[in-house]
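Chemist: Supplied in structure tokens, the structure appears directly below.
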Amino acid sequence: MVNWCPRCQTALSDLEVEHKESAGHLWHFQYPFAEGEGSVTIATTRPETCYGDTAVAVNPNDERYRPLVGRLVILPVSGRAIPLIADEAVDPAFGTGALKITPCHDPTDLEIADRHGLPHVDVFNPDGSMNSYAGACEGLSREACRERVVQEFRSKGLLAGITPYSHMVGQCGRCGTAIEPRISTQWFVNTQPLAEAAIRVVREGQIRIIPEHFTRVYYSWMESIKDWCISRQLWWGHRIPVWYCADCGALTVSVETPTACEKCSGGRLKQDPDVLDTWFSSALWTHSTLGWPDDTEDMRYFYPTSVMQTGYDILFFWVARMIMMGIEDTGKIPFHTVYLNGLIRDEQGQKMSKMRGNVIKPDDAISSYGIDALRFAITTGNSPGNDLALGQAKLESSRNFVNKLWNATRFVLQSTEEWSKSHATSPTLPVPVKLEDRWILSRAHRLITSVRTLMDEYQIGEAERQIHDFVWSELCDWYIEMAKLRLRGKTGAGKDSSPDASSPAPYLISVLDMSLRLLHPWRTSYARCETHGPSGRWTRHSGWKPASTREPSCRTSQRCFQ
């Protein structure tokens, strides 16, 4: 049984179904006994599926129905006789305690039906309309058939009551249409062995998930994982590499298009029309993009990689599947760290949607506030795994910060131009004499240490917040204002005998340089060895190392220090 979208007319995995609460009704219908007077009352939320009923089930411990088990009841909409059976899966507290069994349209009903050897009756066409098993309702939509069935029970005096009932309804993640559980021939992946290996590498610490509480969520999902339906009836995607022989019916699986059947050598082959689930193809991304299954240089060097950063909403769609497929195909984990960021929502915390009209378009935000302000607004103050509320207020605040930084930079460059020319050949920073100079340098170095620690702990938003507070308050509001007095020749306590010692210029330049390096978008710089050219390996170095140590050395050869 699969999740079927009548609009997209394709199978869906469990993760592609969004369950939303729906205000519906619970209809109470009477099914008369076949061999005498009396009836049993069932409760259902889906009257249109009555045409597919093959039994009525009760709990074997329910005293109300124990004497009735084994009798036949008449299905009023079709006149068919169906048995009344006992099964422990029935909840006596739901509805009337009597459950109509429709094997083709409910997973629990299918399990009950298979235990009792009941027939399967599918009453829907692929587009969700009623088929020939629905009798007079053939061709009607699900909604129209529901009204017709309720009216028929009412006209026969078999409608015992209607009560309001809210329940969760599965909807297609693509189009929002209510999905139909449907028995269908599809391709599946046996995920349990894959999941066991993926659980083990996380438990052993080979892969770390940030924030840590998502590790428990990961375990919960992986430990209860079901087989993965990977075939889709869509127009676009990777075609399933299976061919059917028209002569003997055998299957031929091949990477290359076969010319003959593997079993009978017949030439009449037809490829499976389905395509692979997008997430199945995406699960191969970590290694297939590097030339796998061939032993390529890129594969040897870049696999496994280091950090996988993505939204928490696709932890199972993508991350878990990359781990499973990476281990299965290569024998190695695809990455050692999973960093999960939150989602960007509006100021009220709602998900941005065109239907709601609460979407902030990046182009509009850049036009109004600038790219730096937008980048700063969506990164500062974040914490791993938590959503971010983004609105005009935060964009304006980020723009104000960028403006303050720009004005501070302009002031420092203009005020220190002469000092820079006279000290152009002096790479060292003079030993600070003034208290405020020692203070700002101390605060800047403390900030660097704190940012390093936060970055190592993946607290990126907090690191940026601390940089913001330092630049806005300590650098701009305090140190630059104090430096202005000294640049005008006023120290507040008489002039120093050494002009250089009293000049804040070198410290203004140095601290501003540190601040700009820290504020640079979080990235790592890379360089490639000129001697080895394209074959030289990329070497990583930190963006805020001193200039003298910034250039990396080539790692292609131990004897090369280019």
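Chain lettering (A, B, ...) mirrors the order of the structure tokens, residue numbering begins at 1 for each chain separately, and ligand numbering begins at 1 in order of display.
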Env of stretch 348-351 of chain A: 8 Å cut, atoms = only C-alpha atoms, seq-sep filter 3 positions within chain, self excluded. Answer as a ChimeraX atom specification.

Modeler: /A:344-345,388-389

Chemist: Can you write out the residues you just picked, keeping all heavy atoms, as a PDB file, in the first residue's frame?

Modeler:
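Writing done, so here's result_35.pdb:
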ATOM      1  N   ILE A 344      13.437  30.383   7.711  1.00  0.00           N
ATOM      2  CA  ILE A 344      13.147  31.815   7.774  1.00  0.00           C
ATOM      3  C   ILE A 344      11.634  32.004   7.724  1.00  0.00           C
ATOM      4  O   ILE A 344      10.976  31.569   6.776  1.00  0.00           O
ATOM      5  CB  ILE A 344      13.827  32.575   6.611  1.00  0.00           C
ATOM      6  CG1 ILE A 344      15.338  32.428   6.709  1.00  0.00           C
ATOM      7  CG2 ILE A 344      13.437  34.047   6.637  1.00  0.00           C
ATOM      8  CD1 ILE A 344      16.099  33.104   5.583  1.00  0.00           C
ATOM      9  N   ARG A 345      11.091  32.636   8.760  1.00  0.00           N
ATOM     10  CA  ARG A 345       9.654  32.869   8.850  1.00  0.00           C
ATOM     11  C   ARG A 345       9.386  34.367   8.915  1.00  0.00           C
ATOM     12  O   ARG A 345      10.320  35.177   8.995  1.00  0.00           O
ATOM     13  CB  ARG A 345       9.066  32.156  10.069  1.00  0.00           C
ATOM     14  CG  ARG A 345       9.259  30.636  10.024  1.00  0.00           C
ATOM     15  CD  ARG A 345       8.633  29.963  11.233  1.00  0.00           C
ATOM     16  NE  ARG A 345       8.799  28.519  11.202  1.00  0.00           N
ATOM     17  CZ  ARG A 345       7.967  27.672  10.607  1.00  0.00           C
ATOM     18  NH1 ARG A 345       6.875  28.146   9.998  1.00  0.00           N
ATOM     19  NH2 ARG A 345       8.177  26.379  10.619  1.00  0.00           N
ATOM     20  N   LEU A 388      14.022  31.561  12.270  1.00  0.00           N
ATOM     21  CA  LEU A 388      14.352  32.984  12.338  1.00  0.00           C
ATOM     22  C   LEU A 388      13.160  33.805  11.863  1.00  0.00           C
ATOM     23  O   LEU A 388      12.611  33.538  10.788  1.00  0.00           O
ATOM     24  CB  LEU A 388      15.571  33.282  11.445  1.00  0.00           C
ATOM     25  CG  LEU A 388      15.878  34.755  11.187  1.00  0.00           C
ATOM     26  CD1 LEU A 388      16.424  35.399  12.467  1.00  0.00           C
ATOM     27  CD2 LEU A 388      16.877  34.919  10.049  1.00  0.00           C
ATOM     28  N   ALA A 389      12.741  34.775  12.678  1.00  0.00           N
ATOM     29  CA  ALA A 389      11.671  35.687  12.282  1.00  0.00           C
ATOM     30  C   ALA A 389      12.300  36.878  11.563  1.00  0.00           C
ATOM     31  O   ALA A 389      13.084  37.624  12.143  1.00  0.00           O
ATOM     32  CB  ALA A 389      10.891  36.158  13.504  1.00  0.00           C
TER      33      ALA A 389
END

Chemist: Return as a PDB file with N, CA, C and O atoms, in the first residue's frame the full set of residues in stretch 57-292 of chain A whose backbone-based DSSP assignment is strand (DSSP E or B).

Modeler:
ATOM      1  N   ALA A  57     -15.391  -5.354  11.625  1.00  0.00           N
ATOM      2  CA  ALA A  57     -14.532  -5.930  12.657  1.00  0.00           C
ATOM      3  C   ALA A  57     -14.830  -5.309  14.017  1.00  0.00           C
ATOM      4  O   ALA A  57     -15.129  -4.117  14.120  1.00  0.00           O
ATOM      5  N   VAL A  58     -14.726  -6.148  15.069  1.00  0.00           N
ATOM      6  CA  VAL A  58     -14.877  -5.696  16.448  1.00  0.00           C
ATOM      7  C   VAL A  58     -13.721  -6.273  17.253  1.00  0.00           C
ATOM      8  O   VAL A  58     -13.044  -7.216  16.826  1.00  0.00           O
ATOM      9  N   LEU A  72     -23.148 -12.783   9.349  1.00  0.00           N
ATOM     10  CA  LEU A  72     -23.030 -11.986   8.133  1.00  0.00           C
ATOM     11  C   LEU A  72     -23.922 -10.764   8.233  1.00  0.00           C
ATOM     12  O   LEU A  72     -25.024 -10.823   8.794  1.00  0.00           O
ATOM     13  N   VAL A  73     -23.425  -9.651   7.682  1.00  0.00           N
ATOM     14  CA  VAL A  73     -24.243  -8.435   7.589  1.00  0.00           C
ATOM     15  C   VAL A  73     -24.311  -8.018   6.123  1.00  0.00           C
ATOM     16  O   VAL A  73     -23.465  -8.402   5.309  1.00  0.00           O
ATOM     17  N   ILE A  74     -25.344  -7.259   5.801  1.00  0.00           N
ATOM     18  CA  ILE A  74     -25.553  -6.807   4.421  1.00  0.00           C
ATOM     19  C   ILE A  74     -25.010  -5.392   4.258  1.00  0.00           C
ATOM     20  O   ILE A  74     -25.295  -4.497   5.062  1.00  0.00           O
ATOM     21  N   ALA A  81     -23.126  -9.501   1.078  1.00  0.00           N
ATOM     22  CA  ALA A  81     -23.038 -10.008   2.440  1.00  0.00           C
ATOM     23  C   ALA A  81     -21.562 -10.075   2.837  1.00  0.00           C
ATOM     24  O   ALA A  81     -20.731 -10.603   2.094  1.00  0.00           O
ATOM     25  N   ILE A  82     -21.236  -9.510   3.995  1.00  0.00           N
ATOM     26  CA  ILE A  82     -19.852  -9.500   4.472  1.00  0.00           C
ATOM     27  C   ILE A  82     -19.831  -9.999   5.913  1.00  0.00           C
ATOM     28  O   ILE A  82     -20.812  -9.843   6.648  1.00  0.00           O
ATOM     29  N   PRO A  83     -18.729 -10.638   6.354  1.00  0.00           N
ATOM     30  CA  PRO A  83     -18.702 -11.222   7.701  1.00  0.00           C
ATOM     31  C   PRO A  83     -18.404 -10.201   8.786  1.00  0.00           C
ATOM     32  O   PRO A  83     -17.777  -9.162   8.548  1.00  0.00           O
ATOM     33  N   LEU A  84     -18.824 -10.528  10.008  1.00  0.00           N
ATOM     34  CA  LEU A  84     -18.460  -9.758  11.189  1.00  0.00           C
ATOM     35  C   LEU A  84     -17.359 -10.549  11.891  1.00  0.00           C
ATOM     36  O   LEU A  84     -17.595 -11.686  12.321  1.00  0.00           O
ATOM     37  N   ILE A  85     -16.154  -9.961  11.978  1.00  0.00           N
ATOM     38  CA  ILE A  85     -14.981 -10.664  12.477  1.00  0.00           C
ATOM     39  C   ILE A  85     -14.458  -9.987  13.746  1.00  0.00           C
ATOM     40  O   ILE A  85     -14.865  -8.871  14.085  1.00  0.00           O
ATOM     41  N   ALA A  86     -13.540 -10.670  14.431  1.00  0.00           N
ATOM     42  CA  ALA A  86     -12.929 -10.125  15.644  1.00  0.00           C
ATOM     43  C   ALA A  86     -11.426  -9.961  15.424  1.00  0.00           C
ATOM     44  O   ALA A  86     -10.755 -10.882  14.931  1.00  0.00           O
ATOM     45  N   ALA A  98     -17.410  -0.800  16.384  1.00  0.00           N
ATOM     46  CA  ALA A  98     -17.487  -1.672  15.204  1.00  0.00           C
ATOM     47  C   ALA A  98     -16.867  -0.925  14.030  1.00  0.00           C
ATOM     48  O   ALA A  98     -17.256   0.209  13.725  1.00  0.00           O
ATOM     49  N   LEU A  99     -15.890  -1.545  13.388  1.00  0.00           N
ATOM     50  CA  LEU A  99     -15.123  -0.894  12.324  1.00  0.00           C
ATOM     51  C   LEU A  99     -15.374  -1.578  10.996  1.00  0.00           C
ATOM     52  O   LEU A  99     -15.229  -2.805  10.869  1.00  0.00           O
ATOM     53  N   LYS A 100     -15.764  -0.801   9.997  1.00  0.00           N
ATOM     54  CA  LYS A 100     -15.904  -1.377   8.655  1.00  0.00           C
ATOM     55  C   LYS A 100     -14.508  -1.539   8.057  1.00  0.00           C
ATOM     56  O   LYS A 100     -13.644  -0.671   8.198  1.00  0.00           O
ATOM     57  N   ILE A 101     -14.255  -2.667   7.409  1.00  0.00           N
ATOM     58  CA  ILE A 101     -12.932  -2.989   6.880  1.00  0.00           C
ATOM     59  C   ILE A 101     -12.917  -2.763   5.382  1.00  0.00           C
ATOM     60  O   ILE A 101     -13.617  -3.435   4.628  1.00  0.00           O
ATOM     61  N   PHE A 124     -11.649   3.214  -6.325  1.00  0.00           N
ATOM     62  CA  PHE A 124     -11.235   4.490  -6.905  1.00  0.00           C
ATOM     63  C   PHE A 124     -10.457   4.293  -8.201  1.00  0.00           C
ATOM     64  O   PHE A 124      -9.685   3.337  -8.351  1.00  0.00           O
ATOM     65  N   MET A 130     -14.760   7.630  -8.679  1.00  0.00           N
ATOM     66  CA  MET A 130     -15.243   6.297  -8.338  1.00  0.00           C
ATOM     67  C   MET A 130     -15.241   5.405  -9.573  1.00  0.00           C
ATOM     68  O   MET A 130     -15.591   5.843 -10.682  1.00  0.00           O
ATOM     69  N   LEU A 159     -29.357   5.577   8.649  1.00  0.00           N
ATOM     70  CA  LEU A 159     -28.440   6.594   9.145  1.00  0.00           C
ATOM     71  C   LEU A 159     -28.744   6.819  10.627  1.00  0.00           C
ATOM     72  O   LEU A 159     -29.756   7.439  10.984  1.00  0.00           O
ATOM     73  N   ALA A 160     -27.857   6.322  11.505  1.00  0.00           N
ATOM     74  CA  ALA A 160     -28.120   6.378  12.941  1.00  0.00           C
ATOM     75  C   ALA A 160     -27.720   7.709  13.563  1.00  0.00           C
ATOM     76  O   ALA A 160     -28.175   8.039  14.660  1.00  0.00           O
ATOM     77  N   GLY A 161     -26.877   8.488  12.890  1.00  0.00           N
ATOM     78  CA  GLY A 161     -26.491   9.781  13.453  1.00  0.00           C
ATOM     79  C   GLY A 161     -25.234  10.335  12.791  1.00  0.00           C
ATOM     80  O   GLY A 161     -24.490   9.617  12.109  1.00  0.00           O
ATOM     81  N   ILE A 162     -25.026  11.641  12.976  1.00  0.00           N
ATOM     82  CA  ILE A 162     -23.838  12.329  12.459  1.00  0.00           C
ATOM     83  C   ILE A 162     -23.289  13.207  13.575  1.00  0.00           C
ATOM     84  O   ILE A 162     -24.034  13.989  14.176  1.00  0.00           O
ATOM     85  N   THR A 163     -22.016  13.055  13.880  1.00  0.00           N
ATOM     86  CA  THR A 163     -21.390  13.870  14.928  1.00  0.00           C
ATOM     87  C   THR A 163     -20.152  14.557  14.371  1.00  0.00           C
ATOM     88  O   THR A 163     -19.441  13.989  13.526  1.00  0.00           O
ATOM     89  N   PRO A 164     -19.877  15.810  14.800  1.00  0.00           N
ATOM     90  CA  PRO A 164     -18.644  16.493  14.356  1.00  0.00           C
ATOM     91  C   PRO A 164     -17.416  15.718  14.837  1.00  0.00           C
ATOM     92  O   PRO A 164     -17.401  15.159  15.941  1.00  0.00           O
ATOM     93  N   TYR A 165     -16.394  15.700  13.988  1.00  0.00           N
ATOM     94  CA  TYR A 165     -15.192  14.936  14.331  1.00  0.00           C
ATOM     95  C   TYR A 165     -13.978  15.539  13.618  1.00  0.00           C
ATOM     96  O   TYR A 165     -13.969  15.671  12.380  1.00  0.00           O
ATOM     97  N   SER A 166     -12.989  15.952  14.388  1.00  0.00           N
ATOM     98  CA  SER A 166     -11.753  16.493  13.815  1.00  0.00           C
ATOM     99  C   SER A 166     -10.700  15.399  13.782  1.00  0.00           C
ATOM    100  O   SER A 166     -10.490  14.698  14.783  1.00  0.00           O
ATOM    101  N   HIS A 167     -10.048  15.253  12.656  1.00  0.00           N
ATOM    102  CA  HIS A 167      -9.020  14.223  12.525  1.00  0.00           C
ATOM    103  C   HIS A 167      -7.937  14.700  11.569  1.00  0.00           C
ATOM    104  O   HIS A 167      -8.104  15.684  10.846  1.00  0.00           O
ATOM    105  N   MET A 168      -6.807  14.001  11.578  1.00  0.00           N
ATOM    106  CA  MET A 168      -5.674  14.353  10.737  1.00  0.00           C
ATOM    107  C   MET A 168      -5.851  13.737   9.351  1.00  0.00           C
ATOM    108  O   MET A 168      -6.121  12.540   9.219  1.00  0.00           O
ATOM    109  N   VAL A 169      -5.711  14.578   8.339  1.00  0.00           N
ATOM    110  CA  VAL A 169      -5.866  14.129   6.948  1.00  0.00           C
ATOM    111  C   VAL A 169      -4.547  14.318   6.222  1.00  0.00           C
ATOM    112  O   VAL A 169      -3.946  15.397   6.259  1.00  0.00           O
ATOM    113  N   GLY A 170      -4.072  13.266   5.575  1.00  0.00           N
ATOM    114  CA  GLY A 170      -2.834  13.351   4.814  1.00  0.00           C
ATOM    115  C   GLY A 170      -3.039  14.098   3.513  1.00  0.00           C
ATOM    116  O   GLY A 170      -4.002  13.854   2.782  1.00  0.00           O
ATOM    117  N   GLN A 171      -2.131  15.025   3.228  1.00  0.00           N
ATOM    118  CA  GLN A 171      -2.206  15.820   2.000  1.00  0.00           C
ATOM    119  C   GLN A 171      -0.897  15.731   1.242  1.00  0.00           C
ATOM    120  O   GLN A 171       0.181  15.604   1.830  1.00  0.00           O
ATOM    121  N   CYS A 172      -1.002  15.809  -0.074  1.00  0.00           N
ATOM    122  CA  CYS A 172       0.181  15.774  -0.932  1.00  0.00           C
ATOM    123  C   CYS A 172       1.044  17.004  -0.647  1.00  0.00           C
ATOM    124  O   CYS A 172       0.556  18.131  -0.636  1.00  0.00           O
ATOM    125  N   ALA A 178      -5.859  15.827  -0.868  1.00  0.00           N
ATOM    126  CA  ALA A 178      -5.966  14.726   0.095  1.00  0.00           C
ATOM    127  C   ALA A 178      -5.506  13.434  -0.555  1.00  0.00           C
ATOM    128  O   ALA A 178      -5.971  13.068  -1.643  1.00  0.00           O
ATOM    129  N   GLU A 180      -4.777   9.327  -1.093  1.00  0.00           N
ATOM    130  CA  GLU A 180      -5.527   8.093  -0.949  1.00  0.00           C
ATOM    131  C   GLU A 180      -4.555   6.950  -0.686  1.00  0.00           C
ATOM    132  O   GLU A 180      -3.613   6.763  -1.465  1.00  0.00           O
ATOM    133  N   PRO A 181      -4.730   6.209   0.411  1.00  0.00           N
ATOM    134  CA  PRO A 181      -3.973   4.957   0.538  1.00  0.00           C
ATOM    135  C   PRO A 181      -4.419   4.023  -0.585  1.00  0.00           C
ATOM    136  O   PRO A 181      -5.619   3.856  -0.829  1.00  0.00           O
ATOM    137  N   ARG A 182      -3.449   3.425  -1.284  1.00  0.00           N
ATOM    138  CA  ARG A 182      -3.809   2.623  -2.450  1.00  0.00           C
ATOM    139  C   ARG A 182      -2.839   1.460  -2.616  1.00  0.00           C
ATOM    140  O   ARG A 182      -1.631   1.631  -2.453  1.00  0.00           O
ATOM    141  N   PHE A 188      10.486  -0.582  -4.284  1.00  0.00           N
ATOM    142  CA  PHE A 188      10.802  -0.221  -2.900  1.00  0.00           C
ATOM    143  C   PHE A 188      12.261  -0.546  -2.594  1.00  0.00           C
ATOM    144  O   PHE A 188      12.860  -1.418  -3.214  1.00  0.00           O
ATOM    145  N   VAL A 189      12.800   0.178  -1.602  1.00  0.00           N
ATOM    146  CA  VAL A 189      14.119  -0.123  -1.052  1.00  0.00           C
ATOM    147  C   VAL A 189      13.922  -0.661   0.355  1.00  0.00           C
ATOM    148  O   VAL A 189      13.206  -0.061   1.160  1.00  0.00           O
ATOM    149  N   ARG A 208      28.287  13.660  13.886  1.00  0.00           N
ATOM    150  CA  ARG A 208      27.697  14.485  14.933  1.00  0.00           C
ATOM    151  C   ARG A 208      26.590  15.344  14.334  1.00  0.00           C
ATOM    152  O   ARG A 208      26.771  15.932  13.262  1.00  0.00           O
ATOM    153  N   ILE A 209      25.448  15.398  15.005  1.00  0.00           N
ATOM    154  CA  ILE A 209      24.316  16.205  14.548  1.00  0.00           C
ATOM    155  C   ILE A 209      24.177  17.421  15.461  1.00  0.00           C
ATOM    156  O   ILE A 209      24.108  17.283  16.681  1.00  0.00           O
ATOM    157  N   ILE A 210      24.132  18.603  14.858  1.00  0.00           N
ATOM    158  CA  ILE A 210      24.009  19.864  15.594  1.00  0.00           C
ATOM    159  C   ILE A 210      22.738  20.587  15.137  1.00  0.00           C
ATOM    160  O   ILE A 210      22.542  20.766  13.932  1.00  0.00           O
ATOM    161  N   TRP A 228      11.084   2.013   1.662  1.00  0.00           N
ATOM    162  CA  TRP A 228      11.042   3.294   0.955  1.00  0.00           C
ATOM    163  C   TRP A 228      10.546   3.079  -0.480  1.00  0.00           C
ATOM    164  O   TRP A 228      11.183   2.403  -1.274  1.00  0.00           O
ATOM    165  N   CYS A 229       9.400   3.664  -0.777  1.00  0.00           N
ATOM    166  CA  CYS A 229       8.854   3.620  -2.138  1.00  0.00           C
ATOM    167  C   CYS A 229       9.630   4.621  -2.994  1.00  0.00           C
ATOM    168  O   CYS A 229       9.543   5.830  -2.773  1.00  0.00           O
ATOM    169  N   SER A 231       9.677   4.662  -6.591  1.00  0.00           N
ATOM    170  CA  SER A 231       9.182   4.874  -7.957  1.00  0.00           C
ATOM    171  C   SER A 231       8.108   5.951  -7.963  1.00  0.00           C
ATOM    172  O   SER A 231       7.282   6.032  -7.058  1.00  0.00           O
ATOM    173  N   ARG A 232       8.149   6.786  -8.997  1.00  0.00           N
ATOM    174  CA  ARG A 232       7.194   7.884  -9.125  1.00  0.00           C
ATOM    175  C   ARG A 232       6.631   7.891 -10.541  1.00  0.00           C
ATOM    176  O   ARG A 232       7.346   7.637 -11.516  1.00  0.00           O
ATOM    177  N   ARG A 239      14.987   7.884 -15.110  1.00  0.00           N
ATOM    178  CA  ARG A 239      14.176   6.720 -15.498  1.00  0.00           C
ATOM    179  C   ARG A 239      14.691   5.473 -14.783  1.00  0.00           C
ATOM    180  O   ARG A 239      15.898   5.245 -14.682  1.00  0.00           O
ATOM    181  N   VAL A 242      15.018  -0.545 -15.593  1.00  0.00           N
ATOM    182  CA  VAL A 242      14.468  -1.895 -15.641  1.00  0.00           C
ATOM    183  C   VAL A 242      13.683  -2.054 -16.937  1.00  0.00           C
ATOM    184  O   VAL A 242      12.885  -1.184 -17.305  1.00  0.00           O
ATOM    185  N   TRP A 243      13.909  -3.180 -17.634  1.00  0.00           N
ATOM    186  CA  TRP A 243      13.207  -3.458 -18.882  1.00  0.00           C
ATOM    187  C   TRP A 243      12.417  -4.760 -18.737  1.00  0.00           C
ATOM    188  O   TRP A 243      12.883  -5.721 -18.108  1.00  0.00           O
ATOM    189  N   TYR A 244      11.200  -4.780 -19.318  1.00  0.00           N
ATOM    190  CA  TYR A 244      10.328  -5.939 -19.256  1.00  0.00           C
ATOM    191  C   TYR A 244      10.313  -6.626 -20.625  1.00  0.00           C
ATOM    192  O   TYR A 244      10.210  -5.963 -21.674  1.00  0.00           O
ATOM    193  N   CYS A 245      10.438  -7.939 -20.587  1.00  0.00           N
ATOM    194  CA  CYS A 245      10.437  -8.713 -21.834  1.00  0.00           C
ATOM    195  C   CYS A 245       9.009  -9.081 -22.212  1.00  0.00           C
ATOM    196  O   CYS A 245       8.272  -9.659 -21.402  1.00  0.00           O
ATOM    197  N   LEU A 251      12.531  -9.704 -16.097  1.00  0.00           N
ATOM    198  CA  LEU A 251      13.058  -8.353 -15.911  1.00  0.00           C
ATOM    199  C   LEU A 251      14.538  -8.338 -16.261  1.00  0.00           C
ATOM    200  O   LEU A 251      15.275  -9.262 -15.935  1.00  0.00           O
ATOM    201  N   THR A 252      14.961  -7.256 -16.902  1.00  0.00           N
ATOM    202  CA  THR A 252      16.373  -7.032 -17.188  1.00  0.00           C
ATOM    203  C   THR A 252      16.768  -5.706 -16.568  1.00  0.00           C
ATOM    204  O   THR A 252      16.193  -4.666 -16.897  1.00  0.00           O
ATOM    205  N   VAL A 253      17.719  -5.740 -15.646  1.00  0.00           N
ATOM    206  CA  VAL A 253      18.210  -4.537 -14.979  1.00  0.00           C
ATOM    207  C   VAL A 253      19.593  -4.236 -15.522  1.00  0.00           C
ATOM    208  O   VAL A 253      20.485  -5.088 -15.473  1.00  0.00           O
ATOM    209  N   LEU A 269      11.772  -5.580 -25.746  1.00  0.00           N
ATOM    210  CA  LEU A 269      11.918  -5.055 -24.394  1.00  0.00           C
ATOM    211  C   LEU A 269      11.236  -3.696 -24.277  1.00  0.00           C
ATOM    212  O   LEU A 269      11.255  -2.901 -25.210  1.00  0.00           O
ATOM    213  N   LYS A 270      10.659  -3.459 -23.124  1.00  0.00           N
ATOM    214  CA  LYS A 270      10.020  -2.175 -22.840  1.00  0.00           C
ATOM    215  C   LYS A 270      10.484  -1.691 -21.478  1.00  0.00           C
ATOM    216  O   LYS A 270      10.362  -2.401 -20.484  1.00  0.00           O
ATOM    217  N   GLN A 271      10.991  -0.454 -21.425  1.00  0.00           N
ATOM    218  CA  GLN A 271      11.499   0.073 -20.165  1.00  0.00           C
ATOM    219  C   GLN A 271      10.364   0.500 -19.247  1.00  0.00           C
ATOM    220  O   GLN A 271       9.305   0.954 -19.687  1.00  0.00           O
ATOM    221  N   VAL A 275       9.818   6.915 -12.895  1.00  0.00           N
ATOM    222  CA  VAL A 275      11.100   7.561 -12.606  1.00  0.00           C
ATOM    223  C   VAL A 275      11.404   7.397 -11.126  1.00  0.00           C
ATOM    224  O   VAL A 275      10.527   7.069 -10.322  1.00  0.00           O
ATOM    225  N   LEU A 276      12.664   7.634 -10.767  1.00  0.00           N
ATOM    226  CA  LEU A 276      13.077   7.509  -9.375  1.00  0.00           C
ATOM    227  C   LEU A 276      12.622   8.715  -8.561  1.00  0.00           C
ATOM    228  O   LEU A 276      12.579   9.838  -9.071  1.00  0.00           O
TER     229      LEU A 276
END

Chemist: From the options A:Arg7, A:Arg375, A:Arg438, A:Arg443, which residue's atoms come nearest to A:Cys175, counting only C-alpha atoms?

Modeler: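 That would be A:Arg7, the residue with the smallest distance to A:Cys175.
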
Chemist: Write out as a tab-separated table (two decimals) with C-alpha atoms, in the first residue's frame which residues come within 7 Å of stretch 358-374 of chain A when counting only C-alpha atoms, dropping same-chain ones fewer than 3 positions away.

Modeler:
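And here is the file that came out, result-v7.tsv:
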chain	number	residue	atom	x	y	z
A	346	ASP	CA	7.77	36.15	8.98
A	352	MET	CA	6.36	32.46	4.33
A	353	SER	CA	3.84	31.73	1.60
A	354	LYS	CA	2.66	33.46	-1.56
A	377	ALA	CA	19.77	40.10	8.96
A	378	ILE	CA	19.40	36.41	8.13
A	395	LEU	CA	16.20	44.53	7.88
A	398	SER	CA	20.82	45.56	9.83
A	399	ARG	CA	20.91	48.43	7.35
A	402	VAL	CA	25.95	48.58	7.86

Chemist: By how many Å are atom CA of A:Met222 and atom CA of A:Ala197 apart?

Modeler: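 A separation of 10.2 Å between them.
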
Chemist: Ranking A:Arg115, A:Lys226, A:Arg200, A:His238 by minimum distance to A:Ile323 and counting only C-alpha atoms, which one comes first?

Modeler: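 Answer, going by the shortest atom-to-atom distance: A:Arg200.
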
Chemist: Find the residues around A:Glu111 up to 12 Å (only C-alpha atoms counted), leave out those fewer than 2 positions away in its own chain, and share them as a list in words.

Modeler: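 Residues near the query, excluding close chain neighbours: Met1, Asp87, Glu88, Ala89, Val90, Ile101, Thr102, Pro103, Cys104, His105, Asp106, Pro107, Thr108, Asp109, Ala113, Asp114, Arg115, His116, Gly117, Leu118, Pro119 and His120 of chain A.
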
Chemist: So how far away is atom CA of A:Gly157 from atom CA of A:Gly70, in Å?

Modeler: 24.8 Å

Chemist: Using only C-alpha atoms, which of A:Trp439, A:Trp221, A:Tyr31, A:Tyr51 sits nearest A:Arg71?

Modeler: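 Using only C-alpha atoms, the shortest distance to A:Arg71 belongs to A:Tyr31.
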
Chemist: With distances taken over only C-alpha atoms, which residue among A:Tyr479, A:Tyr219, A:Phe153, A:Trp318 lies nearest A:Thr278?

Modeler: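 Closest to A:Thr278, using only C-alpha atoms: A:Trp318.
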
Chemist: Please provide as a VMD selection string all residues within 12 Å of A:Cys137, with the sequence filter that same-chain residues fewer than 2 positions apart are discarded (counting only C-alpha atoms).

Modeler: chain A and resid 48 to 51 77 to 78 123 to 124 129 to 135 139 to 149 152

Chemist: At what distance in Å, to one decimal, does atom CA of A:Phe29 lie from atom CA of A:Leu158?

Modeler: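 So the two atoms, atom CA of A:Leu158 and atom CA of A:Phe29, lie 5.8 Å apart.
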
Chemist: Taking 6 positions as the minimum chain separation for residues in the same chain, which residues sit within 8 Å of A:Leu454 when counting only C-alpha atoms? Answer as a list in words.

Modeler: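 The residues that qualify are Ile460, Glu462 and Ala463 of chain A.
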